[in-house]
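The structure file start-v3.cif is reproduced below (mmCIF, C-alpha atoms).
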data_coords
#
loop_
_atom_site.label_atom_id
_atom_site.label_comp_id
_atom_site.auth_asym_id
_atom_site.auth_seq_id
_atom_site.Cartn_x
_atom_site.Cartn_y
_atom_site.Cartn_z
CA MET U 25 86.74 176.51 112.06
CA GLN U 26 85.70 173.68 114.35
CA ASN U 27 84.94 171.45 111.34
CA THR U 28 88.34 172.18 109.82
CA ARG U 29 90.05 171.32 113.10
CA ARG U 30 88.13 168.04 113.34
CA ARG U 31 89.12 167.11 109.76
CA VAL U 32 92.78 167.82 110.49
CA ILE U 33 92.69 165.68 113.65
CA ALA U 34 90.92 162.86 111.77
CA LEU U 35 93.43 163.02 108.93
CA MET U 36 96.32 162.89 111.39
CA GLY U 37 94.76 159.79 112.95
CA VAL U 38 94.48 158.06 109.59
CA MET U 39 98.10 158.90 108.72
CA ALA U 40 99.27 157.62 112.10
CA ALA U 41 97.43 154.35 111.55
CA LEU U 42 98.90 153.94 108.08
CA THR U 43 102.40 154.66 109.37
CA ALA U 44 101.95 152.11 112.14
CA SER U 45 100.84 149.49 109.64
CA PHE U 46 103.89 150.08 107.46
CA VAL U 47 106.24 149.81 110.44
CA SER U 48 104.64 146.77 112.04
CA GLY U 49 103.77 144.92 108.81
CA PRO U 50 107.11 143.16 108.24
CA ALA U 51 107.45 142.30 111.93
CA MET U 52 103.96 140.86 112.01
CA ALA U 53 104.56 138.91 108.79
CA GLN U 54 107.80 137.55 110.23
CA GLY U 55 106.10 136.58 113.46
CA ALA U 56 103.33 134.81 111.57
CA TYR U 57 105.66 132.26 109.93
CA PRO U 58 104.57 130.21 108.15
CA SER U 59 101.85 132.15 106.39
CA LYS U 60 101.96 130.21 103.11
CA PRO U 61 102.94 126.74 101.80
CA ILE U 62 106.44 125.41 102.47
CA THR U 63 108.35 123.29 99.93
CA ILE U 64 110.90 120.70 101.04
CA ILE U 65 113.33 119.77 98.28
CA VAL U 66 114.68 116.21 98.13
CA SER U 67 117.68 115.88 95.82
CA PHE U 68 117.00 112.22 95.04
CA PRO U 69 114.22 110.25 93.30
CA PRO U 70 111.07 109.17 95.15
CA GLY U 71 111.14 105.86 96.96
CA GLY U 72 114.36 106.09 98.97
CA ASP U 73 114.90 106.63 102.69
CA THR U 74 115.37 110.39 102.32
CA ASP U 75 112.19 110.81 100.30
CA ALA U 76 110.15 108.68 102.71
CA LEU U 77 111.36 110.64 105.72
CA ALA U 78 110.80 114.00 104.06
CA ARG U 79 107.18 113.06 103.36
CA LEU U 80 106.70 111.84 106.92
CA TYR U 81 107.99 115.10 108.39
CA ALA U 82 106.13 117.21 105.81
CA GLU U 83 102.84 115.66 106.89
CA LYS U 84 103.56 116.37 110.56
CA LEU U 85 104.77 119.93 109.90
CA SER U 86 101.68 120.65 107.83
CA THR U 87 99.44 119.58 110.69
CA ARG U 88 101.40 121.64 113.20
CA PHE U 89 101.61 124.81 111.12
CA GLY U 90 98.21 124.68 109.48
CA GLN U 91 99.89 125.24 106.11
CA PRO U 92 100.63 122.83 103.25
CA VAL U 93 104.16 121.41 103.39
CA LEU U 94 105.05 119.87 100.03
CA VAL U 95 107.90 117.59 98.95
CA ASP U 96 109.51 118.28 95.57
CA ASN U 97 112.07 115.80 94.18
CA LYS U 98 114.89 117.35 92.14
CA PRO U 99 117.33 114.46 91.54
CA GLY U 100 120.50 114.39 89.49
CA ALA U 101 124.28 114.92 89.60
CA SER U 102 124.75 113.16 92.96
CA GLY U 103 122.19 115.43 94.57
CA THR U 104 123.84 118.69 93.57
CA ILE U 105 120.94 119.85 91.35
CA GLY U 106 118.47 119.95 94.23
CA ASN U 107 121.08 121.19 96.68
CA ALA U 108 122.02 124.11 94.43
CA TYR U 109 118.34 124.97 93.92
CA VAL U 110 117.89 125.46 97.66
CA ALA U 111 121.20 127.30 98.07
CA LYS U 112 119.97 129.92 95.59
CA ALA U 113 116.40 130.14 96.92
CA PRO U 114 115.11 133.09 99.00
CA ALA U 115 116.10 132.69 102.66
CA ASP U 116 112.53 133.18 103.88
CA GLY U 117 111.95 129.67 105.22
CA TYR U 118 109.58 128.60 102.46
CA THR U 119 112.13 126.55 100.48
CA LEU U 120 113.96 123.93 102.55
CA LEU U 121 116.24 120.95 101.86
CA PHE U 122 115.94 117.52 103.43
CA THR U 123 119.18 115.69 102.73
CA PRO U 124 121.38 112.75 103.68
CA ASN U 125 125.01 113.36 104.53
CA THR U 126 125.96 112.98 100.87
CA ILE U 127 125.55 116.78 100.77
CA SER U 128 128.88 116.98 102.63
CA THR U 129 130.78 115.30 99.81
CA ALA U 130 128.62 115.61 96.68
CA THR U 131 130.63 118.43 95.09
CA LEU U 132 133.89 116.68 96.01
CA VAL U 133 133.15 113.47 94.12
CA LEU U 134 131.91 115.04 90.89
CA LYS U 135 134.28 115.53 88.00
CA SER U 136 135.35 119.13 87.53
CA ASN U 137 132.57 121.42 86.24
CA SER U 138 130.14 118.48 85.91
CA GLY U 139 127.54 119.71 88.39
CA PRO U 140 125.99 122.86 89.88
CA ALA U 141 128.32 124.85 92.11
CA TYR U 142 127.64 125.82 95.74
CA ASP U 143 129.59 126.01 98.99
CA VAL U 144 128.25 123.39 101.37
CA LEU U 145 129.87 125.10 104.36
CA ASN U 146 128.59 128.61 103.65
CA ASP U 147 125.51 128.48 101.41
CA PHE U 148 123.10 126.71 103.80
CA THR U 149 121.45 127.32 107.16
CA PRO U 150 121.41 124.17 109.32
CA ILE U 151 118.08 123.53 111.05
CA ILE U 152 118.19 120.05 112.60
CA GLN U 153 119.73 116.59 112.31
CA ALA U 154 116.67 114.38 112.08
CA GLY U 155 118.25 110.95 112.34
CA SER U 156 121.33 108.81 112.05
CA GLN U 157 121.85 105.57 110.17
CA SER U 158 124.54 103.03 110.86
CA LEU U 159 126.40 101.40 107.99
CA PHE U 160 126.87 97.65 108.15
CA LEU U 161 129.06 95.01 106.54
CA VAL U 162 126.70 92.32 105.21
CA VAL U 163 127.72 89.10 103.47
CA ASN U 164 125.91 86.35 101.59
CA THR U 165 125.73 83.34 103.92
CA ALA U 166 126.74 81.09 101.01
CA THR U 167 130.26 82.53 101.29
CA GLY U 168 130.67 80.78 104.64
CA ILE U 169 132.05 84.01 106.12
CA THR U 170 130.81 84.62 109.66
CA ASN U 171 133.10 87.37 110.97
CA VAL U 172 135.41 90.19 109.90
CA LYS U 173 138.63 88.30 110.66
CA GLN U 174 137.60 85.53 108.29
CA LEU U 175 136.58 88.06 105.63
CA VAL U 176 140.00 89.74 105.80
CA GLU U 177 141.71 86.38 105.45
CA GLU U 178 139.59 85.56 102.41
CA ALA U 179 140.40 88.96 100.88
CA LYS U 180 144.14 88.52 101.39
CA ALA U 181 143.87 85.13 99.74
CA GLY U 182 142.21 86.77 96.73
CA LYS U 183 138.93 84.91 97.20
CA LEU U 184 136.56 87.90 97.25
CA LYS U 185 135.25 89.28 93.95
CA GLY U 186 134.54 92.72 95.38
CA TYR U 187 132.22 94.72 97.61
CA ALA U 188 128.95 96.21 96.48
CA SER U 189 128.10 99.87 97.04
CA PRO U 190 124.97 101.83 96.05
CA GLY U 191 127.10 104.10 93.90
CA SER U 192 130.58 105.54 93.42
CA GLY U 193 131.17 108.48 95.71
CA SER U 194 128.58 107.32 98.24
CA PRO U 195 129.36 107.06 101.98
CA MET U 196 129.42 103.29 101.45
CA HIS U 197 132.13 103.68 98.80
CA ILE U 198 134.12 105.89 101.15
CA LEU U 199 133.66 103.31 103.90
CA GLY U 200 134.77 100.47 101.64
CA GLU U 201 138.02 102.20 100.74
CA THR U 202 138.65 103.25 104.34
CA PHE U 203 138.18 99.64 105.43
CA ASN U 204 140.57 98.44 102.70
CA LYS U 205 143.29 100.71 104.02
CA ALA U 206 142.77 99.85 107.68
CA ALA U 207 142.57 96.10 107.05
CA HIS U 208 145.47 96.12 104.54
CA VAL U 209 143.38 94.48 101.82
CA LYS U 210 142.39 95.34 98.26
CA ILE U 211 138.74 94.56 97.70
CA ALA U 212 137.44 96.21 94.53
CA GLN U 213 134.28 98.30 94.60
CA VAL U 214 131.36 97.03 92.52
CA PRO U 215 129.15 100.13 92.14
CA TYR U 216 125.41 99.91 91.58
CA ARG U 217 122.79 102.55 90.84
CA GLY U 218 121.14 102.32 94.22
CA SER U 219 120.77 99.77 96.99
CA GLY U 220 117.97 97.80 95.29
CA PRO U 221 120.06 96.32 92.45
CA ALA U 222 122.97 95.72 94.82
CA VAL U 223 120.79 93.69 97.18
CA VAL U 224 119.47 91.60 94.28
CA ASP U 225 123.01 90.68 93.24
CA LEU U 226 124.12 90.12 96.83
CA VAL U 227 121.26 87.70 97.52
CA GLY U 228 121.88 86.05 94.16
CA GLY U 229 125.53 85.44 95.01
CA HIS U 230 126.94 87.62 92.23
CA VAL U 231 128.77 89.80 94.77
CA PRO U 232 129.85 88.47 98.20
CA MET U 233 129.61 91.53 100.45
CA PHE U 234 127.86 94.87 100.75
CA TRP U 235 128.42 98.06 102.77
CA THR U 236 124.89 99.26 103.43
CA THR U 237 122.28 100.78 105.68
CA LEU U 238 120.10 98.22 107.44
CA GLY U 239 116.72 98.79 105.80
CA PRO U 240 117.38 97.32 102.33
CA VAL U 241 118.92 94.09 103.68
CA LEU U 242 116.97 93.43 106.89
CA PRO U 243 114.35 91.09 105.33
CA HIS U 244 117.12 88.93 103.89
CA ILE U 245 119.03 88.91 107.18
CA THR U 246 115.82 87.75 108.87
CA SER U 247 115.36 85.01 106.26
CA GLY U 248 118.94 83.82 106.74
CA LYS U 249 120.15 84.53 103.20
CA LEU U 250 122.41 87.36 104.40
CA LEU U 251 124.50 87.80 107.53
CA ASN U 252 125.33 91.10 109.25
CA ILE U 253 128.89 90.81 110.58
CA ALA U 254 129.92 94.35 111.62
CA VAL U 255 128.78 97.93 112.10
CA ALA U 256 130.98 100.91 111.21
CA ASP U 257 130.13 102.91 114.34
CA PRO U 258 132.08 103.55 117.54
CA LYS U 259 129.29 101.77 119.44
CA ARG U 260 126.96 98.91 118.60
CA SER U 261 123.68 99.82 116.94
CA PRO U 262 120.58 99.62 119.17
CA LEU U 263 118.81 98.18 116.13
CA GLN U 264 121.31 95.31 115.85
CA PRO U 265 122.86 95.02 119.33
CA ASN U 266 124.39 91.60 118.67
CA VAL U 267 126.47 92.84 115.73
CA PRO U 268 130.03 93.86 116.76
CA THR U 269 131.69 97.10 115.77
CA LEU U 270 134.62 97.00 113.38
CA ALA U 271 136.86 98.04 116.28
CA GLU U 272 135.68 95.03 118.27
CA ALA U 273 136.48 92.92 115.22
CA GLY U 274 140.06 94.25 115.14
CA ILE U 275 139.71 97.05 112.56
CA ALA U 276 140.35 100.32 114.38
CA ASP U 277 139.35 103.88 113.45
CA VAL U 278 136.89 102.99 110.69
CA ASN U 279 133.76 104.89 111.66
CA VAL U 280 131.58 106.01 108.77
CA GLY U 281 127.87 106.54 109.20
CA ALA U 282 124.95 108.18 107.47
CA TRP U 283 122.58 110.90 108.67
CA GLN U 284 119.56 112.86 107.51
CA GLY U 285 119.05 116.56 108.13
CA LEU U 286 116.91 119.61 107.39
CA MET U 287 118.55 122.75 106.00
CA GLY U 288 117.62 126.02 104.33
CA PRO U 289 119.35 128.69 102.27
CA LYS U 290 122.01 130.86 103.85
CA GLY U 291 120.72 133.84 105.83
CA MET U 292 117.47 132.50 107.27
CA HIS U 293 116.08 134.58 110.15
CA ALA U 294 116.87 133.11 113.57
CA ASP U 295 113.18 133.15 114.59
CA VAL U 296 112.22 131.08 111.52
CA VAL U 297 115.02 128.59 112.21
CA LYS U 298 113.89 128.32 115.84
CA THR U 299 110.27 127.72 114.79
CA LEU U 300 111.29 124.89 112.47
CA ASN U 301 113.81 123.42 114.91
CA THR U 302 111.30 123.39 117.77
CA ALA U 303 108.64 121.81 115.59
CA MET U 304 110.98 119.09 114.32
CA ASN U 305 112.28 118.28 117.81
CA ASP U 306 108.68 117.76 118.93
CA ILE U 307 107.88 115.66 115.85
CA LEU U 308 110.89 113.41 116.42
CA LYS U 309 109.52 112.53 119.86
CA MET U 310 106.20 111.27 118.48
CA PRO U 311 105.84 107.49 118.95
CA ASP U 312 104.42 106.94 115.45
CA VAL U 313 107.28 108.89 113.89
CA GLN U 314 109.87 106.95 115.86
CA SER U 315 108.19 103.70 114.83
CA LYS U 316 108.32 104.62 111.14
CA MET U 317 111.95 105.72 111.47
CA ASN U 318 112.83 102.38 113.06
CA ILE U 319 111.32 100.59 110.07
CA LEU U 320 113.80 102.56 107.94
CA ALA U 321 116.55 101.67 110.46
CA LEU U 322 117.02 105.27 111.55
CA VAL U 323 117.60 106.49 115.08
CA PRO U 324 115.92 109.85 115.85
CA VAL U 325 118.43 112.52 116.88
CA GLY U 326 117.14 116.12 117.02
CA GLY U 327 118.96 118.87 118.92
CA GLU U 328 120.16 122.36 118.06
CA PRO U 329 120.92 123.70 114.54
CA ALA U 330 124.59 124.07 115.43
CA THR U 331 124.89 120.31 115.86
CA LEU U 332 124.02 119.73 112.21
CA GLY U 333 126.34 122.53 111.09
CA LYS U 334 129.30 121.02 112.95
CA LEU U 335 128.49 117.54 111.65
CA THR U 336 128.37 118.74 108.04
CA ALA U 337 131.69 120.56 108.38
CA SER U 338 133.30 117.58 110.10
CA ASP U 339 132.20 115.17 107.36
CA TYR U 340 133.37 117.57 104.64
CA THR U 341 136.85 117.89 106.14
CA ARG U 342 137.24 114.25 107.06
CA TYR U 343 135.97 112.64 103.88
CA ALA U 344 137.68 115.12 101.57
CA LYS U 345 140.97 113.48 102.52
CA VAL U 346 139.68 109.99 101.73
CA ILE U 347 138.13 111.11 98.43
CA LYS U 348 141.40 112.70 97.36
CA GLU U 349 143.55 109.80 98.53
CA PHE U 350 141.58 107.15 96.64
CA GLY U 351 140.47 109.31 93.71
CA ILE U 352 136.81 108.61 94.47
CA GLN U 353 134.37 109.97 91.87
CA ALA U 354 130.64 109.71 91.35
CA ASP U 355 129.21 107.56 88.55
#

Before we go any further, please render this structure as structure tokens.
Amino acid sequence: MQNTRRRVIALMGVMAALTASFVSGPAMAQGAYPSKPITIIVSFPPGGDTDALARLYAEKLSTRFGQPVLVDNKPGASGTIGNAYVAKAPADGYTLLFTPNTISTATLVLKSNSGPAYDVLNDFTPIIQAGSQSLFLVVNTATGITNVKQLVEEAKAGKLKGYASPGSGSPMHILGETFNKAAHVKIAQVPYRGSGPAVVDLVGGHVPMFWTTLGPVLPHITSGKLLNIAVADPKRSPLQPNVPTLAEAGIADVNVGAWQGLMGPKGMHADVVKTLNTAMNDILKMPDVQSKMNILALVPVGGEPATLGKLTASDYTRYAKVIKEFGIQAD
């Protein structure tokens, strides 16, 4: 009888332990994030600013988490292929998206039914805005143009062939058309497949001006072949403090910039988002990270997830009007 009673008590203990493991298992797994490799999707080819930053942060996150953090490039259709891949991924924090602000407008500039469908305002979980990039108006010094007022005069006289952009539908294209309207000029866009070819033609004198981020043109500004005459920000850039804003140059309300951010699929657990946000905020404060970002002409930002969410929604609403007004479409 005693043996039977002992067996029953032992069996009850085993069952209790099993029950406890089933109840606590998911909570423990959730608390242990990350417990396996993380993949960061970049919706553009290797070699650009976004790809370089994603690899920088992946290396730092891997060290912090003790798990591999991999970068996977899925380019195509103005970034919508990679974006859609993440939007449809499990919301467990193991598939993330590192993206420039083209995500805000990518689906708006594609021709109908020409790219993957997703809702940029509802299909992603914002995690953090990593950095911001100013957009500049750069001219070939051979044009003799030294300021915005002179450039506008040349444009009204029909002396400018056009402005270069790294692609139709890009923030630079949107900026170019916004500038045209505000300055009451008609300077035609000359679209290129990326900043590299545009810089080559700008330096070669085949196109007189370029709306661009600083990184691709800085060596040529330093050499004197190109001149930076304005920044499309409300305030001067700390990276080029001597360059006036467009407002200072007499062109009001033309503020178009670029940013880079980390997102995930819709529905990510708040604890996972907090873990990633905290880690990234710490990484953005590292001197070596800030140094590398400065080389790419990016200013570290950081902050709460909601900041990135509001920024994405603001860009979507604001630029949708410009895209519709000027009939802007991707290449």

Mind giving me the straight-line distance from CA of Ala113 (chain U) to CA of Lys334 (chain U) in Å, one decimal?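 Between these atoms lies a distance of 22.5 Å.
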
Give me the residues within 10 Å of Ile169 (chain U) as a list in words, counting only C-alpha atoms and dropping any in the same chain fewer than 4 places off. Val162, Val163, Asn164, Thr165, Lys173, Gln174, Leu175, Val176, Glu177, Glu178, Pro232, Met233, Leu251 and Ile253 of chain U

For the provided coordinates, the residues matched by the PyMOL selection byres ((chain U and resi 75) around 12) should be stated as a count of residues only. 31

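Put simply, the PyMOL selection byres ((chain U and resi 256) around 8) on this file hits U:Ser158, U:Leu159, U:Phe160, U:Leu161, U:Ala254, U:Val255, U:Asp257, U:Pro258, U:Thr269, U:Leu270, U:Val278, U:Asn279, U:Val280, U:Gly281.
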
Using Å and a single decimal, report how far CA of Ala282 (chain U) sits from CA of Pro92 (chain U).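 CA of Ala282 (chain U) lies 28.7 Å from CA of Pro92 (chain U).
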
Could you tell me which residues the PyMOL selection byres ((chain U and resi 209) around 10) returns for this structure, as an mmCIF file with C-alpha atoms, in the frame of the given file?
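Below is the file that was written, part-v4.cif:
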data_model
loop_
_atom_site.group_PDB
_atom_site.id
_atom_site.type_symbol
_atom_site.label_atom_id
_atom_site.label_comp_id
_atom_site.auth_asym_id
_atom_site.auth_seq_id
_atom_site.Cartn_x
_atom_site.Cartn_y
_atom_site.Cartn_z
ATOM 1 C CA VAL U 176 140.000 89.740 105.800
ATOM 2 C CA GLU U 177 141.710 86.380 105.450
ATOM 3 C CA GLU U 178 139.590 85.560 102.410
ATOM 4 C CA ALA U 179 140.400 88.960 100.880
ATOM 5 C CA LYS U 180 144.140 88.520 101.390
ATOM 6 C CA ALA U 181 143.870 85.130 99.740
ATOM 7 C CA GLY U 182 142.210 86.770 96.730
ATOM 8 C CA GLU U 201 138.020 102.200 100.740
ATOM 9 C CA PHE U 203 138.180 99.640 105.430
ATOM 10 C CA ASN U 204 140.570 98.440 102.700
ATOM 11 C CA LYS U 205 143.290 100.710 104.020
ATOM 12 C CA ALA U 206 142.770 99.850 107.680
ATOM 13 C CA ALA U 207 142.570 96.100 107.050
ATOM 14 C CA HIS U 208 145.470 96.120 104.540
ATOM 15 C CA LYS U 210 142.390 95.340 98.260
ATOM 16 C CA ILE U 211 138.740 94.560 97.700
ATOM 17 C CA ALA U 212 137.440 96.210 94.530
#

Arg217 (chain U) environment, 10 Å, all atoms listed in the file, sequence neighbours closer than 4 positions dropped, as JSON, numbers by chain: {"U": [189, 190, 191, 192, 221, 222, 355]}

Protein/DNA/RNA residues near (99.9, 113.6, 113.5), cut 10 Å, only C-alpha atoms, as a list in words: Leu80, Tyr81, Glu83, Lys84, Leu85, Ser86, Thr87, Arg88, Ile307, Met310, Asp312 and Val313 of chain U

Selected residues written out with C-alpha atoms, as a PDB file, in the coordinates of the input:
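Written file, out.pdb:
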ATOM      1  CA  LEU U  80     106.700 111.840 106.920  1.00  0.00           C
ATOM      2  CA  TYR U  81     107.990 115.100 108.390  1.00  0.00           C
ATOM      3  CA  GLU U  83     102.840 115.660 106.890  1.00  0.00           C
ATOM      4  CA  LYS U  84     103.560 116.370 110.560  1.00  0.00           C
ATOM      5  CA  LEU U  85     104.770 119.930 109.900  1.00  0.00           C
ATOM      6  CA  SER U  86     101.680 120.650 107.830  1.00  0.00           C
ATOM      7  CA  THR U  87      99.440 119.580 110.690  1.00  0.00           C
ATOM      8  CA  ARG U  88     101.400 121.640 113.200  1.00  0.00           C
ATOM      9  CA  ILE U 307     107.880 115.660 115.850  1.00  0.00           C
ATOM     10  CA  MET U 310     106.200 111.270 118.480  1.00  0.00           C
ATOM     11  CA  ASP U 312     104.420 106.940 115.450  1.00  0.00           C
ATOM     12  CA  VAL U 313     107.280 108.890 113.890  1.00  0.00           C
TER      13      VAL U 313
END

Counting all atoms listed in the file, the option among U:Thr126, U:Pro58, U:Val133, U:Ala108 closest to Gly351 (chain U): U:Val133

Residue among U:Gly333, U:Gly326, U:Pro289, U:Pro215 lying closest to Ser128 (chain U), counting all atoms listed in the file: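 With all atoms listed in the file as the atom set, the closest residue is U:Gly333.
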
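Checking U:Thr202, U:Val214, U:Thr167, U:Trp283 one by one against Tyr187 (chain U), counting only C-alpha atoms, you find the shortest gap at U:Val214.
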
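With only C-alpha atoms as the atoms that count, the minimum distance from Pro324 (chain U) to the choices U:Ile275, U:Ile62, U:Ile127, U:Ile152 is reached by U:Ile152.
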
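Interatomic distance, CA of Gly218 (chain U) to CA of Ala101 (chain U): 13.8 Å.
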
Taking N, CA and C atoms as the atom set, what does region 187-207 of chain U look like once completed, written as a PDB file, in the frame of the given file?
ATOM      1  N   TYR U 187     133.306  94.306  96.713  1.00  0.00           N
ATOM      2  CA  TYR U 187     132.220  94.720  97.610  1.00  0.00           C
ATOM      3  C   TYR U 187     131.242  95.593  96.841  1.00  0.00           C
ATOM      4  N   ALA U 188     129.975  95.404  97.128  1.00  0.00           N
ATOM      5  CA  ALA U 188     128.950  96.210  96.480  1.00  0.00           C
ATOM      6  C   ALA U 188     128.779  97.530  97.217  1.00  0.00           C
ATOM      7  N   SER U 189     128.476  98.580  96.460  1.00  0.00           N
ATOM      8  CA  SER U 189     128.100  99.870  97.040  1.00  0.00           C
ATOM      9  C   SER U 189     126.935 100.403  96.220  1.00  0.00           C
ATOM     10  N   PRO U 190     126.104 101.278  96.803  1.00  0.00           N
ATOM     11  CA  PRO U 190     124.970 101.830  96.050  1.00  0.00           C
ATOM     12  C   PRO U 190     125.360 102.921  95.077  1.00  0.00           C
ATOM     13  N   GLY U 191     126.659 103.110  94.873  1.00  0.00           N
ATOM     14  CA  GLY U 191     127.100 104.100  93.900  1.00  0.00           C
ATOM     15  C   GLY U 191     128.480 104.642  94.224  1.00  0.00           C
ATOM     16  N   SER U 192     129.264 104.937  93.219  1.00  0.00           N
ATOM     17  CA  SER U 192     130.580 105.540  93.420  1.00  0.00           C
ATOM     18  C   SER U 192     130.414 106.914  94.040  1.00  0.00           C
ATOM     19  N   GLY U 193     131.236 107.201  95.030  1.00  0.00           N
ATOM     20  CA  GLY U 193     131.170 108.480  95.710  1.00  0.00           C
ATOM     21  C   GLY U 193     130.234 108.501  96.894  1.00  0.00           C
ATOM     22  N   SER U 194     129.509 107.406  97.118  1.00  0.00           N
ATOM     23  CA  SER U 194     128.580 107.320  98.240  1.00  0.00           C
ATOM     24  C   SER U 194     129.354 107.113  99.542  1.00  0.00           C
ATOM     25  N   PRO U 195     128.698 107.353 100.698  1.00  0.00           N
ATOM     26  CA  PRO U 195     129.360 107.060 101.980  1.00  0.00           C
ATOM     27  C   PRO U 195     129.807 105.609 102.068  1.00  0.00           C
ATOM     28  N   MET U 196     129.060 104.709 101.416  1.00  0.00           N
ATOM     29  CA  MET U 196     129.420 103.290 101.450  1.00  0.00           C
ATOM     30  C   MET U 196     130.705 103.034 100.665  1.00  0.00           C
ATOM     31  N   HIS U 197     130.887 103.773  99.567  1.00  0.00           N
ATOM     32  CA  HIS U 197     132.130 103.680  98.800  1.00  0.00           C
ATOM     33  C   HIS U 197     133.298 104.197  99.630  1.00  0.00           C
ATOM     34  N   ILE U 198     133.084 105.325 100.285  1.00  0.00           N
ATOM     35  CA  ILE U 198     134.120 105.890 101.150  1.00  0.00           C
ATOM     36  C   ILE U 198     134.465 104.913 102.269  1.00  0.00           C
ATOM     37  N   LEU U 199     133.441 104.286 102.840  1.00  0.00           N
ATOM     38  CA  LEU U 199     133.660 103.310 103.900  1.00  0.00           C
ATOM     39  C   LEU U 199     134.437 102.106 103.390  1.00  0.00           C
ATOM     40  N   GLY U 200     134.084 101.620 102.209  1.00  0.00           N
ATOM     41  CA  GLY U 200     134.770 100.470 101.640  1.00  0.00           C
ATOM     42  C   GLY U 200     136.257 100.703 101.459  1.00  0.00           C
ATOM     43  N   GLU U 201     136.615 101.882 100.967  1.00  0.00           N
ATOM     44  CA  GLU U 201     138.020 102.200 100.740  1.00  0.00           C
ATOM     45  C   GLU U 201     138.757 102.445 102.061  1.00  0.00           C
ATOM     46  N   THR U 202     138.056 103.039 103.020  1.00  0.00           N
ATOM     47  CA  THR U 202     138.650 103.250 104.340  1.00  0.00           C
ATOM     48  C   THR U 202     138.938 101.908 105.017  1.00  0.00           C
ATOM     49  N   PHE U 203     137.998 100.990 104.881  1.00  0.00           N
ATOM     50  CA  PHE U 203     138.180  99.640 105.430  1.00  0.00           C
ATOM     51  C   PHE U 203     139.364  98.946 104.758  1.00  0.00           C
ATOM     52  N   ASN U 204     139.449  99.062 103.426  1.00  0.00           N
ATOM     53  CA  ASN U 204     140.570  98.440 102.700  1.00  0.00           C
ATOM     54  C   ASN U 204     141.910  98.873 103.276  1.00  0.00           C
ATOM     55  N   LYS U 205     142.025 100.168 103.513  1.00  0.00           N
ATOM     56  CA  LYS U 205     143.290 100.710 104.020  1.00  0.00           C
ATOM     57  C   LYS U 205     143.577 100.206 105.429  1.00  0.00           C
ATOM     58  N   ALA U 206     142.568 100.255 106.288  1.00  0.00           N
ATOM     59  CA  ALA U 206     142.770  99.850 107.680  1.00  0.00           C
ATOM     60  C   ALA U 206     143.042  98.360 107.820  1.00  0.00           C
ATOM     61  N   ALA U 207     142.417  97.554 106.965  1.00  0.00           N
ATOM     62  CA  ALA U 207     142.570  96.100 107.050  1.00  0.00           C
ATOM     63  C   ALA U 207     143.720  95.583 106.185  1.00  0.00           C
TER      64      ALA U 207
END
